[in-house]
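What follows is a set of notes on a single structure, which appears directly below.
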There are 4 protein chains.
Amino acid sequence: MLPRMNQRARDLGIVIGAMEPGPANAITDVAGVRVGHTTLIEGDSIRTGVTVVVPHDGHPGKDPLFAGCHRINGNGDLTGLEWVRELGMLTSPVAITNTLSVGVVRDALATSGHSEHLPVVGETYDGGLNDIEGQHVTAGNALAALEVARSAPERHPVDEGNVGGGTGMICHEFKGGIGTSSRVVDDTAGGFTVGVLVQANHGRRQRFRVNGIPVGERLGAEVVPLPEDIDESGGSGSIIILVAADAPLLPHQCNRLALRAGFGVARTGGVGEHSSGDLVLAFATGNRGLVAGESALEGARELSTRMLSDAYINPLYDAVIDATEEAIVNAVLAAETMTGRGARVHALDAEVLLGALGR
Amino acid sequence: MLPRMNQRARDLGIVIGAMEPGPANAITDVAGVRVGHTTLIEGDSIRTGVTVVVPHDGHPGKDPLFAGCHRINGNGDLTGLEWVRELGMLTSPVAITNTLSVGVVRDALATSGHSEHLPVVGETYDGGLNDIEGQHVTAGNALAALEVARSAPERHPVDEGNVGGGTGMICHEFKGGIGTSSRVVDDTAGGFTVGVLVQANHGRRQRFRVNGIPVGERLGAEVVPLPEDIDESGGSGSIIILVAADAPLLPHQCNRLALRAGFGVARTGGVGEHSSGDLVLAFATGNRGLVAGESALEGARELSTRMLSDAYINPLYDAVIDATEEAIVNAVLAAETMTGRGARVHALDAEVLLGALGR
Amino acid sequence: MLPRMNQRARDLGIVIGAMEPGPANAITDVAGVRVGHTTLIEGDSIRTGVTVVVPHDGHPGKDPLFAGCHRINGNGDLTGLEWVRELGMLTSPVAITNTLSVGVVRDALATSGHSEHLPVVGETYDGGLNDIEGQHVTAGNALAALEVARSAPERHPVDEGNVGGGTGMICHEFKGGIGTSSRVVDDTAGGFTVGVLVQANHGRRQRFRVNGIPVGERLGAEVVPLPEDIDESGGSGSIIILVAADAPLLPHQCNRLALRAGFGVARTGGVGEHSSGDLVLAFATGNRGLVAGESALEGARELSTRMLSDAYINPLYDAVIDATEEAIVNAVLAAETMTGRGARVHALDAEVLLGALGR
Amino acid sequence: MLPRMNQRARDLGIVIGAMEPGPANAITDVAGVRVGHTTLIEGDSIRTGVTVVVPHDGHPGKDPLFAGCHRINGNGDLTGLEWVRELGMLTSPVAITNTLSVGVVRDALATSGHSEHLPVVGETYDGGLNDIEGQHVTAGNALAALEVARSAPERHPVDEGNVGGGTGMICHEFKGGIGTSSRVVDDTAGGFTVGVLVQANHGRRQRFRVNGIPVGERLGAEVVPLPEDIDESGGSGSIIILVAADAPLLPHQCNRLALRAGFGVARTGGVGEHSSGDLVLAFATGNRGLVAGESALEGARELSTRMLSDAYINPLYDAVIDATEEAIVNAVLAAETMTGRGARVHALDAEVLLGALGR
């Protein structure tokens with residue numbers, strides 16, 4: 001299940017928006033952000049995993065970052081959001097896994113020594129290809145992904161597709177999974193980097209668009225079969241989106257970035273379908289030295305913070321939208337056809353996509 | 001300023017999405033909904049007006065409708081939203097005008113005899129073409145638009161472009177204004193009608209897309225001049241979106257529809273720019289006989305209501321997205337080049353658009 | 001209708017909470033904040049007005065302050081909240097008036113030259129004592145109150161009771177109106193000042209409490225008559241609460257302060273009744289030099305801001321709760337019995353209250 | 001650790017508000033609602049547990065209830081809230097445990113066969129008395145509490161104090177834990193029952209009030225010692241509040257009830273301190289036969305629902321406030337002095353409280 005780096009959208013000549021990506025074209029282009037996957041593919045029916053994103057190389061509970069969130073459609077969970085909303089900060093690594101393993105991953109992070117007690121852990125449902133009720137993800141799997149992330153080099157490339165939490169996911173009725181992309185805004189706008197990582201398990205074939213082109217309409221079941229022998233009873237859908245930026249954003253500005261991730265979903269044909277849990281977390285590394293605080297008159301009374309003037313925020317919005325769109329396409333392109341639990345979900349091969357794009 | 005009905009998107013062969021529109025392809029396809037405009041074009045510098053939408057032929061305060069809302073970007077106002085959020089109902093006609101005339105229109109509706117005391121009145125900024133500081137919209141103008149709406153026939157066509165509140169607006173750096181569209185969902189999904197009306201004053205040329213095609217990139221200033229001699233100091237941007245549906249939606253379901261209008265904005269290239277006031281109101285006519293209630297143990301204790309099963313809500317989401325997209329394009333197509341206050345904003349002519357679409 | 005400064009709660013020995021108030025025991029104890037009233041009492045039926053609070057002596061649009069808000073119960077309006085929520089800033093003076101005059105006051109402020117275009121204007125309903133449908137508040141009245149506020153000295157005392165927007169209001173079925181109070185937190189917690197101003201028009205007699213004592217239960221209609229000959233048909237209720245603090249709070253921290261104002265309402269026996277429009281705006285003067293920003297890459301890209309460490313925020317919460325409670329009691333104590341529109345609402349005299357408190 | 005039913009507030013003559021409680025004066029007075037505790041008290045340092053509330057005797061995923069929520073202060077977690085907010089329904093049993101065991105309980109409920117996949121599980125922090133890092137709560141403990149709840153008789157009394165999730169909790173610096181109360185509104189208002197259950201781990205001694213009386217000021221450390229030898233480093237605070245009502249409330253009305261639970265916290269002296277995770281879930285049993293729905297056009301398209309006219313909602317607000325206040329006092333009164341992990345937290349004995357109340 002090697003990552004097919006040669007099949008990323010941009011490598012195929014699919015250029016979304018006018019901005020340039022960072023060197024890795026990944027969320028890791030935001031300095032300090034690193035990603036680790038634990039991928040579980042065993043026997044006929046274990047097709048799952050966990051992905052952990054660390055926001056920097058310290059302890060996010062002791063060195064929190066301003067953060068915000070957005071709910072596109074709430075048929076899903078992302079633990080810890082009440083604390084993000086209240087505090088305006090991220091105080092933990094972020095993990096994404098399957099729907100029935102959120103708890104074990106959450107408790108593992110909370111006691112990992114590298115997180116505050118209310119970690120952010122999201123999920124999408126992989127019960128079509130994975131024996132999700134078996135709850136095969138363990139605390140050890142989560143900690144292993146955390147350790148991979150923590151020990152990864154700066155600005156490392158990120159495996160996409162059938163990896164980590166994305167292993168068993170389905171996107172626009174093609175095989176989906178993890179995808180990532182980044183954008184760098186012009187120097188005149190600050191030269192900031194915005195990175196996006198998605199666990200893409202959402203969307204209908206018919207509405208799928210790549211850079212505005214309705215490829216889903218052109219790629220019917222006769223071209224690429226729809227998911228086969230999927231038990232729909234467990235539900236379907238969902239995309240978790242993580243947005244990182246190195247700009248000095250305050251919490252309410254992070255909320256604003258998070259909302260724009262939904263626009264990237266919209267542009268690729270997502271609708272936030274009823275059974276989809278489409279949740280966004282956005283954090284900014286531009287302010288450091290923050291504290292989450294206890295109810296005691298301790299420590300510095302005032303923190304020196306910086307705020308991006310809102311006159312410069314639009315380029316970040318563009319970046320979030322474009323990077324989200326490309327991350328979704330990357331997730332689909334990287335994922336390979338998978339069988340599991342008696343079901344089969346087909347990849348969207350690069351050549352097929354290029355054909356649909358009229359290339 | 002006759003409406004150019006022959007230049008609506010669909011008449012040009014621009015077909016957005018798979019669903020069919022209603023007979024008028026307008027918000028008025030939702031039974032009971034009617035629209036009235038007062039357009040003020042006088043001298044060199046008065047280019048403004050007010051548009052009123054009535055949700056049915058009764059008194060919305062005495063016969064309220066379930067409703068919800070969504071903030072895409074809040075650099076704007078839509079009065080009455082606290083009451084909509086709390087009560088889950090719309091209790092007034094809805095008006096849209098310019099930024100500095102919201103108050104006069106609001107007070108006029110509140111005492112019109114056809115509204116509860118907390119009406120919903122929105123705005124976008126027309127100070128580029130209009131002497132907005134002159135506050136030329138009067139209470140009488142608002143009441144006139146209300147009367148036009150109240151006396152209009154069922155399912156009437158709606159004037160678009162440089163009319164009513166949309167008179168002096170600018171959209172994606174073309175002349176903008178009022179636009180509308182509708183969709184009818186399949187009989188298997190309930191056969192419901194969704195209508196959208198926008199006052200479109202938002203967006204950058206570069207990002208404008210029609211049905212996914214990046215026409216904005218193709219229509220540079222050398223093809224259609226950018227707005228000329230606009231005084232930017234007053235601000236720019238904003239789109240107000242009204243969504244109506246005849247389905248039996250509860251308030252939280254109306255909120256969900258409202259969010260999807262943002263997806264239509266996204267697909268046409270809107271970003272919810274910082275200086276844009278992009279607010280959505282959604283209401284549903286499927287439940288009648290509601291009461292807003294006072295703090296007294298009076299009247300029926302229980303109301304019999306109906307709820308659309310969420311299993312049937314996705315087609316309505318699709319409808320909102322597609323109709324919003326088409327309403328924005330219709331606003332641009334209907335609007336004619338306008339000069340005012342020494343500035344000039346150019347229309348996007350149908351032939352030019354078709355050319356950019358490669359037709 | 002002179003303010004009865006000798007009948008403020010604290011002067012009567014009613015001490016709410018452990019903190020000390022500022023010198024004026026008013027919202028004006030927050031440096032820069034000043035208040036102006038225009039009171040309209042004419043003939044038999046004009047009993048209304050407008051109160052304006054300026055957050056500092058500059059132009060709030062050009063020198064905005066971080067701000068937040070909270071909805072306790074939304075049967076009311078406070079214009080401009082979408083912009084407060086989005087931007088996290090207050091960009092205007094704040095005005096409070098009656099329900100049917102919000103618009104005229106809003107449009108007046110928006111074009112006053114001392115406000116950005118989306119001012120914050122709230123209301124409560126005075127139709128019991130005032131010919132509210134007559135819309136007697138004019139733009140001139142609003143501008144006059146603004147001018148009074150702008151020209152007031154620093155830390156001036158504030159008239160309470162039947163003044164300004166509070167003129168015709170009813171609180172816990174006694175005569176209500178404007179009330180204010182402040183608290184200073186300990187030097188160890190930063191020595192910050194928190195000020196609260198209310199326009200109190202809410203509450204039932206039965207539930208009214210002063211410093212926890214159920215005086216409402218003890219002050220039945222036989223002791224102090226209930227409002228007489230009030231036409232209830234127009235609605236009832238509502239309290240608008242303005243909270244100011246000189247601490248360096250970020251926007252999300254202002255939201256948190258705003259919520260605690262509701263706790264002060266709760267402690268005095270308010271419930272956020274269904275027909276009540278109970279809305280809170282909180283702003284902080286601790287950060288200056290902010291900009292609201294337009295969509296242009298202009299001006300400084302980064303702003304230097306300060307943030308109160310959350311470890312020091314609890315004393316501010318206590319201050320908001322206690323000052324809100326005292327402001328409500330002050331509003332009731334200051335208000336004198338009023339007749340208007342054929343109705344009569346009785347004051348709660350100091351001696352009567354003291355008796356009910358068992359003094 | 002027998003429940004001391006004779007020391008409930010009402011049995012001591014402490015009567016909060018004018019309404020009568022139901023027969024059990026507990027959340028179980030709402031027909032169908034039942035409660036189960038698993039209490040873990042072992043050795044020197046295990047002082048924890050889990051409490052499960054089932055909303056009715058069916059499967060909440062297949063027979064969901066309308067629900068809403070409210071965040072007073074978000075330093076805590078209550079999983080599943082995104083789905084509650086989106087769907088407007090509760091689709092699971094509700095569990096409360098300690099901060100580091102939320103995950104295991106959540107995953108256990110999700111696969112219990114008696115819940116949908118996104119259960120609501122809350123927490124408060126018991127690390128002062130309990131070896132919380134040891135994560136002693138198991139999936140089996142959670143399922144046992146669920147089974148106790150499911151097999152309990154209708155309208156059963158509820159153990160309070162040091163039981164279930166409340167075992168190791170601290171409230172206003174007395175021993176706290178689980179508390180419950182209920183209210184029945186007048187027949188003229190519908191005769192509905194409102195029940196509240198709290199896991200109370202919040203508050204400062206100084207601000208504690210019982211029925212408005214500042215008993216906390218009167219009960220200094222010299223009367224009842226403050227918690228001894230508590231390691232504060234882990235954090236402190238939090239109250240989880242569950243509100244049940246048998247009225248036919250729609251989701252937005254459930255949100256409104258949830259907010260009023262905060263008013264009960266306020267009246268007993270809570271502030272929503274910074275380090276407190278104060279979250280409320282409210283659900284209504286008055287509508288049955290709902291469906292959560294999948295993204296498929298299946299099942300009935302319309303559901304017949306009922307809505308309480310808002311004219312009748314105020315008595316429910318009063319009931320929520322009063323029952324929350326009484327539930328908090330009941331939690332404190334029922335809890336016995338506990339030692340654990342080397343720390344000691346003292347009970348507030350009934351006689352001591354009565355003394356402070358001046359009885």
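Just so we're on the same page: first chain in the structure tokens is A, next is B, and so on; residues restart at 1 for each chain, and ligands are numbered from 1 in the order they show up.
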As JSON, numbers by chain, please: the residues near Ala31 in chain B (cut-off 10 Å, only C-alpha atoms, same-chain neighbours under 6 positions excluded). {"B": [55, 56, 57, 154, 155, 193, 195, 244, 245, 246, 285]}
I need the residues from that last selection saved to file as a PDB file, in the first residue's frame (with all heavy atoms), if you can.
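Listed below is the output, part-v3.pdb:
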```
ATOM      1  N   PRO B  55     -43.956  35.826   2.701  1.00  0.00           N
ATOM      2  CA  PRO B  55     -43.912  34.357   2.683  1.00  0.00           C
ATOM      3  C   PRO B  55     -45.251  33.707   2.373  1.00  0.00           C
ATOM      4  O   PRO B  55     -45.296  32.551   1.981  1.00  0.00           O
ATOM      5  CB  PRO B  55     -43.435  34.006   4.090  1.00  0.00           C
ATOM      6  CG  PRO B  55     -43.858  35.163   4.940  1.00  0.00           C
ATOM      7  CD  PRO B  55     -43.805  36.374   4.058  1.00  0.00           C
ATOM      8  N   HIS B  56     -46.322  34.438   2.566  1.00  0.00           N
ATOM      9  CA  HIS B  56     -47.655  33.921   2.216  1.00  0.00           C
ATOM     10  C   HIS B  56     -48.620  35.097   2.236  1.00  0.00           C
ATOM     11  O   HIS B  56     -48.224  36.233   2.532  1.00  0.00           O
ATOM     12  CB  HIS B  56     -48.090  32.790   3.146  1.00  0.00           C
ATOM     13  CG  HIS B  56     -48.123  33.131   4.600  1.00  0.00           C
ATOM     14  ND1 HIS B  56     -48.887  34.144   5.112  1.00  0.00           N
ATOM     15  CD2 HIS B  56     -47.469  32.602   5.654  1.00  0.00           C
ATOM     16  CE1 HIS B  56     -48.728  34.218   6.415  1.00  0.00           C
ATOM     17  NE2 HIS B  56     -47.844  33.301   6.777  1.00  0.00           N
ATOM     18  N   ASP B  57     -49.884  34.841   1.968  1.00  0.00           N
ATOM     19  CA  ASP B  57     -50.807  35.958   1.821  1.00  0.00           C
ATOM     20  C   ASP B  57     -51.456  36.385   3.125  1.00  0.00           C
ATOM     21  O   ASP B  57     -52.356  37.223   3.121  1.00  0.00           O
ATOM     22  CB  ASP B  57     -51.872  35.649   0.759  1.00  0.00           C
ATOM     23  CG  ASP B  57     -52.657  34.401   1.073  1.00  0.00           C
ATOM     24  OD1 ASP B  57     -52.503  33.870   2.195  1.00  0.00           O
ATOM     25  OD2 ASP B  57     -53.401  33.942   0.205  1.00  0.00           O
ATOM     26  N   GLU B 154     -50.116  34.681  -7.459  1.00  0.00           N
ATOM     27  CA  GLU B 154     -49.331  33.494  -7.137  1.00  0.00           C
ATOM     28  C   GLU B 154     -48.365  33.162  -8.272  1.00  0.00           C
ATOM     29  O   GLU B 154     -48.681  33.351  -9.446  1.00  0.00           O
ATOM     30  CB  GLU B 154     -50.262  32.288  -6.945  1.00  0.00           C
ATOM     31  CG  GLU B 154     -51.047  32.301  -5.655  1.00  0.00           C
ATOM     32  CD  GLU B 154     -50.223  31.744  -4.482  1.00  0.00           C
ATOM     33  OE1 GLU B 154     -49.575  30.689  -4.653  1.00  0.00           O
ATOM     34  OE2 GLU B 154     -50.234  32.387  -3.408  1.00  0.00           O
ATOM     35  N   ARG B 155     -47.201  32.691  -7.901  1.00  0.00           N
ATOM     36  CA  ARG B 155     -46.212  32.144  -8.839  1.00  0.00           C
ATOM     37  C   ARG B 155     -45.869  33.130  -9.957  1.00  0.00           C
ATOM     38  O   ARG B 155     -45.657  32.735 -11.103  1.00  0.00           O
ATOM     39  CB  ARG B 155     -46.731  30.831  -9.446  1.00  0.00           C
ATOM     40  CG  ARG B 155     -46.989  29.771  -8.392  1.00  0.00           C
ATOM     41  CD  ARG B 155     -47.624  28.514  -8.975  1.00  0.00           C
ATOM     42  NE  ARG B 155     -48.198  27.680  -7.935  1.00  0.00           N
ATOM     43  CZ  ARG B 155     -47.520  26.788  -7.210  1.00  0.00           C
ATOM     44  NH1 ARG B 155     -46.252  26.608  -7.461  1.00  0.00           N
ATOM     45  NH2 ARG B 155     -48.109  26.086  -6.276  1.00  0.00           N
ATOM     46  N   THR B 193     -40.930  22.048  -3.687  1.00  0.00           N
ATOM     47  CA  THR B 193     -40.302  23.142  -4.414  1.00  0.00           C
ATOM     48  C   THR B 193     -39.421  23.952  -3.475  1.00  0.00           C
ATOM     49  O   THR B 193     -39.836  24.280  -2.372  1.00  0.00           O
ATOM     50  CB  THR B 193     -41.373  24.056  -5.033  1.00  0.00           C
ATOM     51  OG1 THR B 193     -42.137  23.299  -5.978  1.00  0.00           O
ATOM     52  CG2 THR B 193     -40.735  25.253  -5.742  1.00  0.00           C
ATOM     53  N   GLY B 195     -37.184  27.513  -3.503  1.00  0.00           N
ATOM     54  CA  GLY B 195     -36.904  28.733  -4.243  1.00  0.00           C
ATOM     55  C   GLY B 195     -35.850  29.560  -3.535  1.00  0.00           C
ATOM     56  O   GLY B 195     -35.769  29.555  -2.304  1.00  0.00           O
ATOM     57  N   ALA B 244     -36.703  29.593   0.326  1.00  0.00           N
ATOM     58  CA  ALA B 244     -38.055  29.177   0.694  1.00  0.00           C
ATOM     59  C   ALA B 244     -38.269  27.741   0.237  1.00  0.00           C
ATOM     60  O   ALA B 244     -37.765  27.335  -0.808  1.00  0.00           O
ATOM     61  CB  ALA B 244     -39.088  30.091   0.032  1.00  0.00           C
ATOM     62  N   ALA B 245     -38.998  26.985   1.031  1.00  0.00           N
ATOM     63  CA  ALA B 245     -39.327  25.610   0.660  1.00  0.00           C
ATOM     64  C   ALA B 245     -40.728  25.302   1.130  1.00  0.00           C
ATOM     65  O   ALA B 245     -41.151  25.794   2.181  1.00  0.00           O
ATOM     66  CB  ALA B 245     -38.333  24.630   1.288  1.00  0.00           C
ATOM     67  N   ASP B 246     -41.437  24.503   0.362  1.00  0.00           N
ATOM     68  CA  ASP B 246     -42.803  24.147   0.777  1.00  0.00           C
ATOM     69  C   ASP B 246     -42.845  22.816   1.527  1.00  0.00           C
ATOM     70  O   ASP B 246     -43.916  22.280   1.772  1.00  0.00           O
ATOM     71  CB  ASP B 246     -43.756  24.149  -0.417  1.00  0.00           C
ATOM     72  CG  ASP B 246     -43.348  23.175  -1.508  1.00  0.00           C
ATOM     73  OD1 ASP B 246     -42.391  22.405  -1.305  1.00  0.00           O
ATOM     74  OD2 ASP B 246     -43.977  23.194  -2.580  1.00  0.00           O
ATOM     75  N   THR B 285     -42.793  26.586   4.277  1.00  0.00           N
ATOM     76  CA  THR B 285     -44.239  26.820   4.342  1.00  0.00           C
ATOM     77  C   THR B 285     -45.032  25.551   4.647  1.00  0.00           C
ATOM     78  O   THR B 285     -46.256  25.591   4.682  1.00  0.00           O
ATOM     79  CB  THR B 285     -44.744  27.414   3.013  1.00  0.00           C
ATOM     80  OG1 THR B 285     -44.545  26.437   1.987  1.00  0.00           O
ATOM     81  CG2 THR B 285     -43.996  28.690   2.646  1.00  0.00           C
TER      82      THR B 285
END
```
Give me, as a PyMOL selection string, the residues of chain C touching chain B, with the criterion being at most 10 Å (counting only C-alpha atoms). chain C and resi 71-87+99-111+116-119+125+132-135+232-237+273-279+292-296
Put those residues in a file: C-alpha atoms, as a CSV table (one decimal), in the first residue's frame.
```csv
chain,number,residue,atom,x,y,z
C,71,ARG,CA,-28.4,35.6,23.6
C,72,ILE,CA,-30.3,34.7,26.8
C,73,ASN,CA,-33.6,34.8,25.1
C,74,GLY,CA,-34.1,36.2,21.6
C,75,ASN,CA,-37.5,37.9,21.6
C,76,GLY,CA,-35.8,41.2,20.8
C,77,ASP,CA,-33.2,42.7,18.6
C,78,LEU,CA,-29.7,44.1,18.8
C,79,THR,CA,-28.6,45.1,15.4
C,80,GLY,CA,-25.1,44.6,14.2
C,81,LEU,CA,-24.5,41.4,16.1
C,82,GLU,CA,-23.6,39.4,13.0
C,83,TRP,CA,-20.7,41.8,12.5
C,84,VAL,CA,-19.7,41.6,16.2
C,85,ARG,CA,-19.7,37.9,16.0
C,86,GLU,CA,-17.7,37.8,12.7
C,87,LEU,CA,-15.2,40.5,13.4
C,99,THR,CA,-38.8,48.3,19.9
C,100,LEU,CA,-40.4,50.3,17.1
C,101,SER,CA,-37.6,52.9,17.0
C,102,VAL,CA,-34.6,50.7,16.6
C,103,GLY,CA,-34.4,51.5,12.9
C,104,VAL,CA,-34.4,55.2,13.1
C,105,VAL,CA,-31.7,55.2,15.8
C,106,ARG,CA,-29.7,52.7,13.8
C,107,ASP,CA,-29.7,54.7,10.6
C,108,ALA,CA,-28.9,57.8,12.5
C,109,LEU,CA,-25.9,56.3,14.2
C,110,ALA,CA,-24.7,54.7,10.9
C,111,THR,CA,-24.5,58.2,9.3
C,116,GLU,CA,-19.0,52.4,11.3
C,117,HIS,CA,-22.0,51.4,9.0
C,118,LEU,CA,-23.3,48.5,11.1
C,119,PRO,CA,-24.1,49.9,14.5
C,125,TYR,CA,-40.8,47.2,24.5
C,132,ILE,CA,-44.8,53.1,20.9
C,133,GLU,CA,-46.6,52.9,17.5
C,134,GLY,CA,-46.3,56.7,17.3
C,135,GLN,CA,-42.5,56.2,16.9
C,232,GLU,CA,-50.5,43.2,27.3
C,233,SER,CA,-51.3,42.5,23.7
C,234,GLY,CA,-48.1,44.1,22.5
C,235,GLY,CA,-45.8,41.9,24.3
C,236,SER,CA,-43.7,42.3,27.4
C,237,GLY,CA,-40.4,41.7,28.8
C,273,GLU,CA,-39.2,34.3,29.7
C,274,HIS,CA,-40.5,33.4,26.2
C,275,SER,CA,-41.6,37.0,25.4
C,276,SER,CA,-38.4,38.5,26.6
C,277,GLY,CA,-35.6,39.8,24.4
C,278,ASP,CA,-32.6,39.4,26.6
C,279,LEU,CA,-29.4,40.2,24.8
C,292,ALA,CA,-11.8,46.4,11.3
C,293,GLY,CA,-10.3,46.0,7.9
C,294,GLU,CA,-11.4,46.1,4.3
C,295,SER,CA,-10.7,43.5,1.7
C,296,ALA,CA,-7.5,45.0,0.6
```
With only C-alpha atoms as the counted atoms, please give the residues lying no more than 9 Å from Gly264 in chain C, apart from itself and same-chain residues fewer than 3 positions off, as a PDB file with N, CA and C atoms, in the first residue's frame.
```pdb
ATOM      1  N   ARG C 260     -21.988  35.441  31.297  1.00  0.00           N
ATOM      2  CA  ARG C 260     -22.138  35.572  32.752  1.00  0.00           C
ATOM      3  C   ARG C 260     -23.136  36.661  33.130  1.00  0.00           C
ATOM      4  N   ALA C 261     -23.385  37.618  32.253  1.00  0.00           N
ATOM      5  CA  ALA C 261     -24.425  38.600  32.554  1.00  0.00           C
ATOM      6  C   ALA C 261     -25.764  37.902  32.764  1.00  0.00           C
ATOM      7  N   ARG C 267     -29.917  35.386  39.010  1.00  0.00           N
ATOM      8  CA  ARG C 267     -29.865  35.544  40.466  1.00  0.00           C
ATOM      9  C   ARG C 267     -30.891  36.538  40.984  1.00  0.00           C
ATOM     10  N   THR C 268     -31.327  37.457  40.130  1.00  0.00           N
ATOM     11  CA  THR C 268     -32.377  38.392  40.542  1.00  0.00           C
ATOM     12  C   THR C 268     -33.774  37.872  40.190  1.00  0.00           C
ATOM     13  N   GLY C 269     -33.835  36.650  39.667  1.00  0.00           N
ATOM     14  CA  GLY C 269     -35.137  36.051  39.442  1.00  0.00           C
ATOM     15  C   GLY C 269     -35.619  36.084  38.009  1.00  0.00           C
ATOM     16  N   GLY C 270     -34.788  36.546  37.120  1.00  0.00           N
ATOM     17  CA  GLY C 270     -35.141  36.482  35.709  1.00  0.00           C
ATOM     18  C   GLY C 270     -35.077  35.054  35.209  1.00  0.00           C
ATOM     19  N   VAL C 320     -18.902  40.528  36.603  1.00  0.00           N
ATOM     20  CA  VAL C 320     -20.040  40.684  35.680  1.00  0.00           C
ATOM     21  C   VAL C 320     -21.333  40.259  36.364  1.00  0.00           C
ATOM     22  N   ILE C 321     -21.286  39.132  37.035  1.00  0.00           N
ATOM     23  CA  ILE C 321     -22.507  38.624  37.684  1.00  0.00           C
ATOM     24  C   ILE C 321     -22.990  39.610  38.747  1.00  0.00           C
ATOM     25  N   ASP C 322     -22.082  40.003  39.606  1.00  0.00           N
ATOM     26  CA  ASP C 322     -22.481  40.882  40.710  1.00  0.00           C
ATOM     27  C   ASP C 322     -22.941  42.249  40.206  1.00  0.00           C
ATOM     28  N   ALA C 323     -22.230  42.787  39.233  1.00  0.00           N
ATOM     29  CA  ALA C 323     -22.593  44.117  38.735  1.00  0.00           C
ATOM     30  C   ALA C 323     -23.915  44.071  37.966  1.00  0.00           C
ATOM     31  N   THR C 324     -24.176  42.979  37.268  1.00  0.00           N
ATOM     32  CA  THR C 324     -25.458  42.867  36.573  1.00  0.00           C
ATOM     33  C   THR C 324     -26.598  42.816  37.586  1.00  0.00           C
ATOM     34  N   GLU C 325     -26.392  42.043  38.620  1.00  0.00           N
ATOM     35  CA  GLU C 325     -27.412  41.935  39.654  1.00  0.00           C
ATOM     36  C   GLU C 325     -27.685  43.316  40.265  1.00  0.00           C
ATOM     37  N   GLU C 326     -26.623  44.014  40.586  1.00  0.00           N
ATOM     38  CA  GLU C 326     -26.800  45.321  41.224  1.00  0.00           C
ATOM     39  C   GLU C 326     -27.394  46.340  40.253  1.00  0.00           C
ATOM     40  N   ILE C 328     -29.539  45.773  37.938  1.00  0.00           N
ATOM     41  CA  ILE C 328     -30.984  45.533  37.846  1.00  0.00           C
ATOM     42  C   ILE C 328     -31.684  46.119  39.063  1.00  0.00           C
TER      43      ILE C 328
ATOM     44  N   PHE D 263     -29.138  28.724  34.647  1.00  0.00           N
ATOM     45  CA  PHE D 263     -29.686  29.673  35.628  1.00  0.00           C
ATOM     46  C   PHE D 263     -29.763  29.024  37.012  1.00  0.00           C
ATOM     47  N   ALA D 266     -26.362  29.236  38.362  1.00  0.00           N
ATOM     48  CA  ALA D 266     -26.096  30.603  38.793  1.00  0.00           C
ATOM     49  C   ALA D 266     -26.681  30.879  40.172  1.00  0.00           C
ATOM     50  N   ARG D 267     -27.882  30.405  40.371  1.00  0.00           N
ATOM     51  CA  ARG D 267     -28.581  30.718  41.626  1.00  0.00           C
ATOM     52  C   ARG D 267     -27.968  30.016  42.830  1.00  0.00           C
TER      53      ARG D 267
END
```
